[in-house]
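Undergrad: Provided below: protein-v3.pdb, containing PDB, N, CA and C atoms.
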ATOM      1  N   MET B   1     -60.429  -8.356  71.973
ATOM      2  CA  MET B   1     -60.700  -6.948  71.801
ATOM      3  C   MET B   1     -59.468  -6.202  71.286
ATOM      4  N   LEU B   2     -58.301  -6.585  71.734
ATOM      5  CA  LEU B   2     -57.081  -5.893  71.369
ATOM      6  C   LEU B   2     -56.837  -5.962  69.863
ATOM      7  N   LEU B   3     -57.107  -7.103  69.255
ATOM      8  CA  LEU B   3     -56.927  -7.263  67.818
ATOM      9  C   LEU B   3     -57.869  -6.343  67.050
ATOM     10  N   VAL B   4     -59.098  -6.240  67.515
ATOM     11  CA  VAL B   4     -60.081  -5.369  66.867
ATOM     12  C   VAL B   4     -59.636  -3.916  66.987
ATOM     13  N   ASP B   5     -59.147  -3.538  68.165
ATOM     14  CA  ASP B   5     -58.660  -2.171  68.359
ATOM     15  C   ASP B   5     -57.513  -1.860  67.408
ATOM     16  N   ASP B   6     -56.581  -2.805  67.279
ATOM     17  CA  ASP B   6     -55.446  -2.606  66.373
ATOM     18  C   ASP B   6     -55.911  -2.459  64.930
ATOM     19  N   LEU B   7     -56.885  -3.252  64.533
ATOM     20  CA  LEU B   7     -57.399  -3.166  63.164
ATOM     21  C   LEU B   7     -58.103  -1.837  62.907
ATOM     22  N   LEU B   8     -58.851  -1.367  63.893
ATOM     23  CA  LEU B   8     -59.569  -0.106  63.723
ATOM     24  C   LEU B   8     -58.649   1.113  63.770
ATOM     25  N   LEU B   9     -57.640   1.046  64.611
ATOM     26  CA  LEU B   9     -56.743   2.200  64.774
ATOM     27  C   LEU B   9     -55.573   2.193  63.802
ATOM     28  N   GLY B  10     -55.357   1.111  63.095
ATOM     29  CA  GLY B  10     -54.241   1.001  62.162
ATOM     30  C   GLY B  10     -54.171   2.119  61.141
ATOM     31  N   PRO B  11     -55.265   2.404  60.438
ATOM     32  CA  PRO B  11     -55.206   3.490  59.446
ATOM     33  C   PRO B  11     -54.876   4.852  60.065
ATOM     34  N   PHE B  12     -55.362   5.108  61.262
ATOM     35  CA  PHE B  12     -55.089   6.386  61.908
ATOM     36  C   PHE B  12     -53.633   6.489  62.335
ATOM     37  N   ARG B  13     -53.081   5.376  62.801
ATOM     38  CA  ARG B  13     -51.662   5.368  63.174
ATOM     39  C   ARG B  13     -50.791   5.576  61.938
ATOM     40  N   GLY B  14     -51.193   4.971  60.825
ATOM     41  CA  GLY B  14     -50.454   5.165  59.576
ATOM     42  C   GLY B  14     -50.501   6.606  59.117
ATOM     43  N   LEU B  15     -51.665   7.213  59.219
ATOM     44  CA  LEU B  15     -51.817   8.614  58.842
ATOM     45  C   LEU B  15     -50.978   9.508  59.750
ATOM     46  N   LEU B  16     -50.978   9.206  61.031
ATOM     47  CA  LEU B  16     -50.170   9.976  61.979
ATOM     48  C   LEU B  16     -48.689   9.864  61.639
ATOM     49  N   TRP B  17     -48.233   8.675  61.275
ATOM     50  CA  TRP B  17     -46.840   8.462  60.899
ATOM     51  C   TRP B  17     -46.478   9.312  59.676
ATOM     52  N   VAL B  18     -47.379   9.341  58.670
ATOM     53  CA  VAL B  18     -47.134  10.127  57.458
ATOM     54  C   VAL B  18     -47.027  11.612  57.804
ATOM     55  N   VAL B  19     -47.928  12.104  58.642
ATOM     56  CA  VAL B  19     -47.903  13.512  59.033
ATOM     57  C   VAL B  19     -46.619  13.840  59.782
ATOM     58  N   GLU B  20     -46.171  12.944  60.657
ATOM     59  CA  GLU B  20     -44.920  13.177  61.383
ATOM     60  C   GLU B  20     -43.734  13.243  60.421
ATOM     61  N   LYS B  21     -43.710  12.372  59.422
ATOM     62  CA  LYS B  21     -42.609  12.377  58.442
ATOM     63  C   LYS B  21     -42.616  13.667  57.626
ATOM     64  N   ILE B  22     -43.795  14.141  57.255
ATOM     65  CA  ILE B  22     -43.898  15.410  56.516
ATOM     66  C   ILE B  22     -43.380  16.553  57.374
ATOM     67  N   ASN B  23     -43.729  16.555  58.650
ATOM     68  CA  ASN B  23     -43.270  17.598  59.562
ATOM     69  C   ASN B  23     -41.749  17.562  59.700
ATOM     70  N   GLU B  24     -41.182  16.359  59.828
ATOM     71  CA  GLU B  24     -39.724  16.236  59.930
ATOM     72  C   GLU B  24     -39.037  16.768  58.675
ATOM     73  N   ALA B  25     -39.598  16.467  57.511
ATOM     74  CA  ALA B  25     -39.014  16.941  56.253
ATOM     75  C   ALA B  25     -39.085  18.461  56.169
ATOM     76  N   ALA B  26     -40.194  19.033  56.609
ATOM     77  CA  ALA B  26     -40.344  20.496  56.586
ATOM     78  C   ALA B  26     -39.347  21.155  57.535
ATOM     79  N   GLN B  27     -39.156  20.573  58.719
ATOM     80  CA  GLN B  27     -38.194  21.126  59.677
ATOM     81  C   GLN B  27     -36.771  21.065  59.121
ATOM     82  N   GLU B  28     -36.453  19.967  58.462
ATOM     83  CA  GLU B  28     -35.119  19.823  57.870
ATOM     84  C   GLU B  28     -34.907  20.851  56.759
ATOM     85  N   GLU B  29     -35.942  21.085  55.964
ATOM     86  CA  GLU B  29     -35.842  22.063  54.883
ATOM     87  C   GLU B  29     -35.636  23.468  55.443
ATOM     88  N   LEU B  30     -36.338  23.792  56.528
ATOM     89  CA  LEU B  30     -36.152  25.091  57.162
ATOM     90  C   LEU B  30     -34.725  25.250  57.689
ATOM     91  N   ALA B  31     -34.195  24.193  58.275
ATOM     92  CA  ALA B  31     -32.825  24.256  58.789
ATOM     93  C   ALA B  31     -31.840  24.466  57.644
ATOM     94  N   ASN B  32     -32.055  23.777  56.535
ATOM     95  CA  ASN B  32     -31.166  23.935  55.379
ATOM     96  C   ASN B  32     -31.277  25.345  54.803
ATOM     97  N   GLU B  33     -32.484  25.899  54.786
ATOM     98  CA  GLU B  33     -32.662  27.260  54.273
ATOM     99  C   GLU B  33     -31.944  28.265  55.172
ATOM    100  N   ALA B  34     -32.008  28.049  56.479
ATOM    101  CA  ALA B  34     -31.306  28.938  57.415
ATOM    102  C   ALA B  34     -29.800  28.878  57.185
ATOM    103  N   ASP B  35     -29.274  27.685  56.945
ATOM    104  CA  ASP B  35     -27.839  27.548  56.660
ATOM    105  C   ASP B  35     -27.464  28.274  55.367
ATOM    106  N   ALA B  36     -28.331  28.180  54.357
ATOM    107  CA  ALA B  36     -28.063  28.852  53.078
ATOM    108  C   ALA B  36     -28.058  30.372  53.253
ATOM    109  N   ILE B  37     -28.966  30.880  54.051
ATOM    110  CA  ILE B  37     -29.024  32.328  54.293
ATOM    111  C   ILE B  37     -27.775  32.778  55.048
ATOM    112  N   THR B  38     -27.350  31.993  56.015
ATOM    113  CA  THR B  38     -26.132  32.322  56.755
ATOM    114  C   THR B  38     -24.932  32.378  55.821
ATOM    115  N   GLU B  39     -24.859  31.443  54.894
ATOM    116  CA  GLU B  39     -23.763  31.444  53.915
ATOM    117  C   GLU B  39     -23.844  32.680  53.013
ATOM    118  N   GLU B  40     -25.049  33.065  52.617
ATOM    119  CA  GLU B  40     -25.204  34.282  51.799
ATOM    120  C   GLU B  40     -24.721  35.508  52.567
ATOM    121  N   LEU B  41     -25.008  35.545  53.870
ATOM    122  CA  LEU B  41     -24.535  36.666  54.691
ATOM    123  C   LEU B  41     -23.010  36.701  54.737
ATOM    124  N   ARG B  42     -22.384  35.545  54.858
ATOM    125  CA  ARG B  42     -20.913  35.499  54.856
ATOM    126  C   ARG B  42     -20.354  36.064  53.553
ATOM    127  N   GLN B  43     -20.947  35.641  52.451
ATOM    128  CA  GLN B  43     -20.492  36.125  51.146
ATOM    129  C   GLN B  43     -20.719  37.627  51.011
ATOM    130  N   LEU B  44     -21.827  38.093  51.551
ATOM    131  CA  LEU B  44     -22.136  39.519  51.500
ATOM    132  C   LEU B  44     -21.090  40.329  52.266
ATOM    133  N   TYR B  45     -20.711  39.838  53.445
ATOM    134  CA  TYR B  45     -19.664  40.519  54.224
ATOM    135  C   TYR B  45     -18.334  40.545  53.458
ATOM    136  N   MET B  46     -18.020  39.439  52.817
ATOM    137  CA  MET B  46     -16.778  39.393  52.028
ATOM    138  C   MET B  46     -16.818  40.399  50.884
ATOM    139  N   MET B  47     -17.971  40.507  50.222
ATOM    140  CA  MET B  47     -18.103  41.455  49.113
ATOM    141  C   MET B  47     -17.945  42.887  49.608
ATOM    142  N   LEU B  48     -18.465  43.174  50.804
ATOM    143  CA  LEU B  48     -18.309  44.515  51.369
ATOM    144  C   LEU B  48     -16.847  44.777  51.705
ATOM    145  N   GLU B  49     -16.191  43.819  52.316
ATOM    146  CA  GLU B  49     -14.791  43.971  52.706
ATOM    147  C   GLU B  49     -13.876  44.152  51.496
ATOM    148  N   THR B  50     -14.200  43.486  50.401
ATOM    149  CA  THR B  50     -13.349  43.591  49.209
ATOM    150  C   THR B  50     -13.742  44.774  48.329
ATOM    151  N   GLY B  51     -14.796  45.479  48.701
ATOM    152  CA  GLY B  51     -15.204  46.661  47.960
ATOM    153  C   GLY B  51     -16.029  46.385  46.714
ATOM    154  N   ARG B  52     -16.550  45.180  46.586
ATOM    155  CA  ARG B  52     -17.348  44.849  45.397
ATOM    156  C   ARG B  52     -18.766  45.405  45.478
ATOM    157  N   ILE B  53     -19.235  45.740  46.704
ATOM    158  CA  ILE B  53     -20.537  46.392  46.852
ATOM    159  C   ILE B  53     -20.381  47.583  47.784
ATOM    160  N   THR B  54     -21.324  48.510  47.689
ATOM    161  CA  THR B  54     -21.282  49.693  48.546
ATOM    162  C   THR B  54     -21.941  49.378  49.881
ATOM    163  N   GLU B  55     -21.753  50.288  50.831
ATOM    164  CA  GLU B  55     -22.358  50.150  52.160
ATOM    165  C   GLU B  55     -23.889  50.134  52.057
ATOM    166  N   ALA B  56     -24.447  50.959  51.183
ATOM    167  CA  ALA B  56     -25.903  51.010  51.020
ATOM    168  C   ALA B  56     -26.442  49.694  50.454
ATOM    169  N   GLU B  57     -25.753  49.155  49.452
ATOM    170  CA  GLU B  57     -26.171  47.868  48.885
ATOM    171  C   GLU B  57     -26.070  46.765  49.945
ATOM    172  N   PHE B  58     -24.999  46.820  50.707
ATOM    173  CA  PHE B  58     -24.805  45.838  51.775
ATOM    174  C   PHE B  58     -25.943  45.905  52.782
ATOM    175  N   ASP B  59     -26.265  47.132  53.230
ATOM    176  CA  ASP B  59     -27.327  47.294  54.228
ATOM    177  C   ASP B  59     -28.663  46.760  53.723
ATOM    178  N   ALA B  60     -28.999  47.048  52.474
ATOM    179  CA  ALA B  60     -30.273  46.592  51.914
ATOM    180  C   ALA B  60     -30.324  45.071  51.824
ATOM    181  N   GLN B  61     -29.271  44.467  51.322
ATOM    182  CA  GLN B  61     -29.249  43.013  51.180
ATOM    183  C   GLN B  61     -29.167  42.317  52.547
ATOM    184  N   GLU B  62     -28.412  42.891  53.458
ATOM    185  CA  GLU B  62     -28.302  42.313  54.793
ATOM    186  C   GLU B  62     -29.659  42.333  55.494
ATOM    187  N   ARG B  63     -30.368  43.452  55.394
ATOM    188  CA  ARG B  63     -31.690  43.568  56.036
ATOM    189  C   ARG B  63     -32.642  42.506  55.480
ATOM    190  N   ARG B  64     -32.620  42.314  54.153
ATOM    191  CA  ARG B  64     -33.493  41.327  53.511
ATOM    192  C   ARG B  64     -33.163  39.922  54.018
ATOM    193  N   LEU B  65     -31.876  39.586  54.066
ATOM    194  CA  LEU B  65     -31.467  38.258  54.524
ATOM    195  C   LEU B  65     -31.771  38.040  56.008
ATOM    196  N   LEU B  66     -31.519  39.056  56.823
ATOM    197  CA  LEU B  66     -31.801  38.923  58.254
ATOM    198  C   LEU B  66     -33.295  38.787  58.526
ATOM    199  N   ASP B  67     -34.129  39.488  57.748
ATOM    200  CA  ASP B  67     -35.583  39.344  57.889
ATOM    201  C   ASP B  67     -36.022  37.917  57.559
ATOM    202  N   ARG B  68     -35.466  37.363  56.474
ATOM    203  CA  ARG B  68     -35.789  35.981  56.108
ATOM    204  C   ARG B  68     -35.350  35.016  57.200
ATOM    205  N   LEU B  69     -34.151  35.214  57.720
ATOM    206  CA  LEU B  69     -33.628  34.346  58.762
ATOM    207  C   LEU B  69     -34.479  34.435  60.029
ATOM    208  N   GLU B  70     -34.905  35.626  60.375
ATOM    209  CA  GLU B  70     -35.742  35.823  61.552
ATOM    210  C   GLU B  70     -37.092  35.125  61.395
ATOM    211  N   SER B  71     -37.677  35.212  60.206
ATOM    212  CA  SER B  71     -38.978  34.556  59.989
ATOM    213  C   SER B  71     -38.829  33.033  60.055
ATOM    214  N   ILE B  72     -37.718  32.510  59.564
ATOM    215  CA  ILE B  72     -37.478  31.063  59.642
ATOM    216  C   ILE B  72     -37.343  30.634  61.093
ATOM    217  N   ARG B  73     -36.604  31.377  61.868
ATOM    218  CA  ARG B  73     -36.416  31.024  63.284
ATOM    219  C   ARG B  73     -37.725  31.145  64.051
ATOM    220  N   ALA B  74     -38.543  32.142  63.717
ATOM    221  CA  ALA B  74     -39.839  32.294  64.384
ATOM    222  C   ALA B  74     -40.736  31.094  64.081
ATOM    223  N   ARG B  75     -40.733  30.655  62.815
ATOM    224  CA  ARG B  75     -41.537  29.476  62.458
ATOM    225  C   ARG B  75     -41.023  28.235  63.174
ATOM    226  N   ALA B  76     -39.715  28.106  63.301
ATOM    227  CA  ALA B  76     -39.139  26.946  63.979
ATOM    228  C   ALA B  76     -39.505  26.945  65.461
ATOM    229  N   GLU B  77     -39.438  28.108  66.097
ATOM    230  CA  GLU B  77     -39.807  28.206  67.507
ATOM    231  C   GLU B  77     -41.289  27.909  67.694
ATOM    232  N   GLU B  78     -42.113  28.399  66.787
ATOM    233  CA  GLU B  78     -43.551  28.145  66.860
ATOM    234  C   GLU B  78     -43.826  26.654  66.727
ATOM    235  N   SER B  79     -43.132  26.027  65.825
ATOM    236  CA  SER B  79     -43.294  24.586  65.614
ATOM    237  C   SER B  79     -42.826  23.815  66.841
ATOM    238  N   ASP B  80     -41.706  24.235  67.438
ATOM    239  CA  ASP B  80     -41.205  23.566  68.634
ATOM    240  C   ASP B  80     -42.191  23.700  69.787
ATOM    241  N   SER B  81     -42.777  24.874  69.958
ATOM    242  CA  SER B  81     -43.741  25.056  71.048
ATOM    243  C   SER B  81     -45.002  24.238  70.796
ATOM    244  N   ASP B  82     -45.407  24.088  69.533
ATOM    245  CA  ASP B  82     -46.553  23.243  69.204
ATOM    246  C   ASP B  82     -46.250  21.788  69.513
ATOM    247  N   ASP B  83     -45.032  21.341  69.197
ATOM    248  CA  ASP B  83     -44.629  19.964  69.477
ATOM    249  C   ASP B  83     -44.623  19.695  70.978
ATOM    250  N   GLU B  84     -44.125  20.655  71.763
ATOM    251  CA  GLU B  84     -44.096  20.487  73.214
ATOM    252  C   GLU B  84     -45.510  20.424  73.774
ATOM    253  N   ALA B  85     -46.422  21.244  73.251
ATOM    254  CA  ALA B  85     -47.809  21.224  73.706
ATOM    255  C   ALA B  85     -48.452  19.879  73.369
ATOM    256  N   ASP B  86     -48.158  19.343  72.179
ATOM    257  CA  ASP B  86     -48.690  18.037  71.800
ATOM    258  C   ASP B  86     -48.167  16.946  72.721
ATOM    259  N   GLU B  87     -46.882  17.005  73.069
ATOM    260  CA  GLU B  87     -46.303  16.010  73.964
ATOM    261  C   GLU B  87     -46.934  16.103  75.344
ATOM    262  N   ASP B  88     -47.186  17.332  75.827
ATOM    263  CA  ASP B  88     -47.837  17.500  77.119
ATOM    264  C   ASP B  88     -49.238  16.918  77.086
ATOM    265  N   ASP B  89     -49.969  17.129  75.994
ATOM    266  CA  ASP B  89     -51.308  16.571  75.849
ATOM    267  C   ASP B  89     -51.260  15.056  75.859
ATOM    268  N   ASP B  90     -50.278  14.480  75.158
ATOM    269  CA  ASP B  90     -50.131  13.027  75.126
ATOM    270  C   ASP B  90     -49.830  12.495  76.529
ATOM    271  N   ASP B  91     -48.966  13.186  77.277
ATOM    272  CA  ASP B  91     -48.639  12.762  78.634
ATOM    273  C   ASP B  91     -49.876  12.809  79.519
ATOM    274  N   ASN B  92     -50.663  13.854  79.390
ATOM    275  CA  ASN B  92     -51.878  13.982  80.190
ATOM    276  C   ASN B  92     -52.873  12.881  79.850
ATOM    277  N   ARG B  93     -53.023  12.568  78.569
ATOM    278  CA  ARG B  93     -53.939  11.511  78.165
ATOM    279  C   ARG B  93     -53.477  10.172  78.714
ATOM    280  N   GLY B  94     -52.172   9.927  78.698
ATOM    281  CA  GLY B  94     -51.637   8.670  79.201
ATOM    282  C   GLY B  94     -51.926   8.487  80.680
ATOM    283  N   SER B  95     -51.789   9.536  81.473
ATOM    284  CA  SER B  95     -52.049   9.428  82.900
ATOM    285  C   SER B  95     -53.541   9.280  83.164
ATOM    286  N   GLU B  96     -54.401   9.893  82.339
ATOM    287  CA  GLU B  96     -55.840   9.725  82.485
ATOM    288  C   GLU B  96     -56.240   8.293  82.183
ATOM    289  N   ASP B  97     -55.622   7.697  81.153
ATOM    290  CA  ASP B  97     -55.916   6.316  80.798
ATOM    291  C   ASP B  97     -55.513   5.378  81.936
ATOM    292  N   GLU B  98     -54.367   5.646  82.556
ATOM    293  CA  GLU B  98     -53.907   4.809  83.657
ATOM    294  C   GLU B  98     -54.868   4.905  84.825
ATOM    295  N   GLU B  99     -55.387   6.104  85.107
ATOM    296  CA  GLU B  99     -56.338   6.274  86.197
ATOM    297  C   GLU B  99     -57.608   5.496  85.910
ATOM    298  N   GLU B 100     -58.090   5.528  84.666
ATOM    299  CA  GLU B 100     -59.303   4.805  84.311
ATOM    300  C   GLU B 100     -59.083   3.313  84.438
ATOM    301  N   ASP B 101     -57.897   2.823  84.059
ATOM    302  CA  ASP B 101     -57.598   1.407  84.162
ATOM    303  C   ASP B 101     -57.578   0.982  85.634
ATOM    304  N   GLY B 102     -57.096   1.824  86.491
ATOM    305  CA  GLY B 102     -57.036   1.524  87.909
ATOM    306  C   GLY B 102     -58.420   1.461  88.546
ATOM    307  N   GLU B 103     -59.345   2.255  88.030
ATOM    308  CA  GLU B 103     -60.699   2.289  88.575
ATOM    309  C   GLU B 103     -61.504   1.089  88.121
ATOM    310  N   ALA B 104     -61.195   0.545  86.934
ATOM    311  CA  ALA B 104     -62.002  -0.547  86.364
ATOM    312  C   ALA B 104     -61.733  -1.865  86.988
TER
END
Take the structure I supplied and represent it as structure tokens, if you would.
TA:
Amino acid sequence: MLLVDDLLLGPFRGLLWVVEKINEAAQEELANEADAITEELRQLYMMLETGRITEAEFDAQERRLLDRLESIRARAEESDSDDEADEDDDDNRGSEDEEEDGEA
């Protein structure tokens, strides 16, 4: 029976692996985008300090960058909470399976 189960579940496990890899790549891209925005903010502060931009220009650009950074962090937190919920579901399923095995 175990061999049949492995053959039937193989494609689903492969699909799950692909989805996990896509999720990891998306998370990495978000982290890189956050780093790029942080670097832009540093450059913006330097431009203000050296007088290359006005206070009004600085405020407008800073607000835009901070809004982008906030949305990235919100998406990351949402993704993390979804991952934790999935792990909790997996843990619950595992304990249910163990209980069923004990009853059989």
Undergrad: As a check of understanding, name the residues that the PyMOL selection byres ((chain B and resi 57-65) around 8) selects in the supplied structure, as a list in words.
TA: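 With the shown file as input, the PyMOL selection byres ((chain B and resi 57-65) around 8) matches Ile37, Thr38, Glu40, Leu41, Leu44, Tyr45, Met47, Leu48, Ile53, Thr54, Glu55, Ala56, Leu66, Asp67, Arg68, Leu69, Glu70 and Ser71 of chain B.
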Undergrad: Just give me the gap between atom C of Gly51 of chain B and atom CA of Ala34 of chain B in Å, one decimal is fine.
TA: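 About the pair atom C of Gly51 of chain B and atom CA of Ala34 of chain B: they are 25.5 Å apart.
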Undergrad: Rounded to one decimal in Å, what is the spacing between atom C of Ala85 of chain B and atom CA of Ile22 of chain B?
TA: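 Rounded to one decimal, the two atoms are 18.0 Å apart.
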Undergrad: Report, in Å with one decimal, the straight-line distance from atom C of Leu3 of chain B to atom CA of Lys21 of chain B.
TA: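 Interatomic distance here is 25.6 Å.
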Undergrad: Box time for segment 73-79 of chain B: axis-aligned, enclosing all its listed atoms, 8 Å extra on each side; report centre and edge lengths in Å to one decimal, as AutoDock Vina command-line options.
TA:
--center_x -40.1 --center_y 28.1 --center_z 64.8 --size_x 23.4 --size_y 24.5 --size_z 21.8
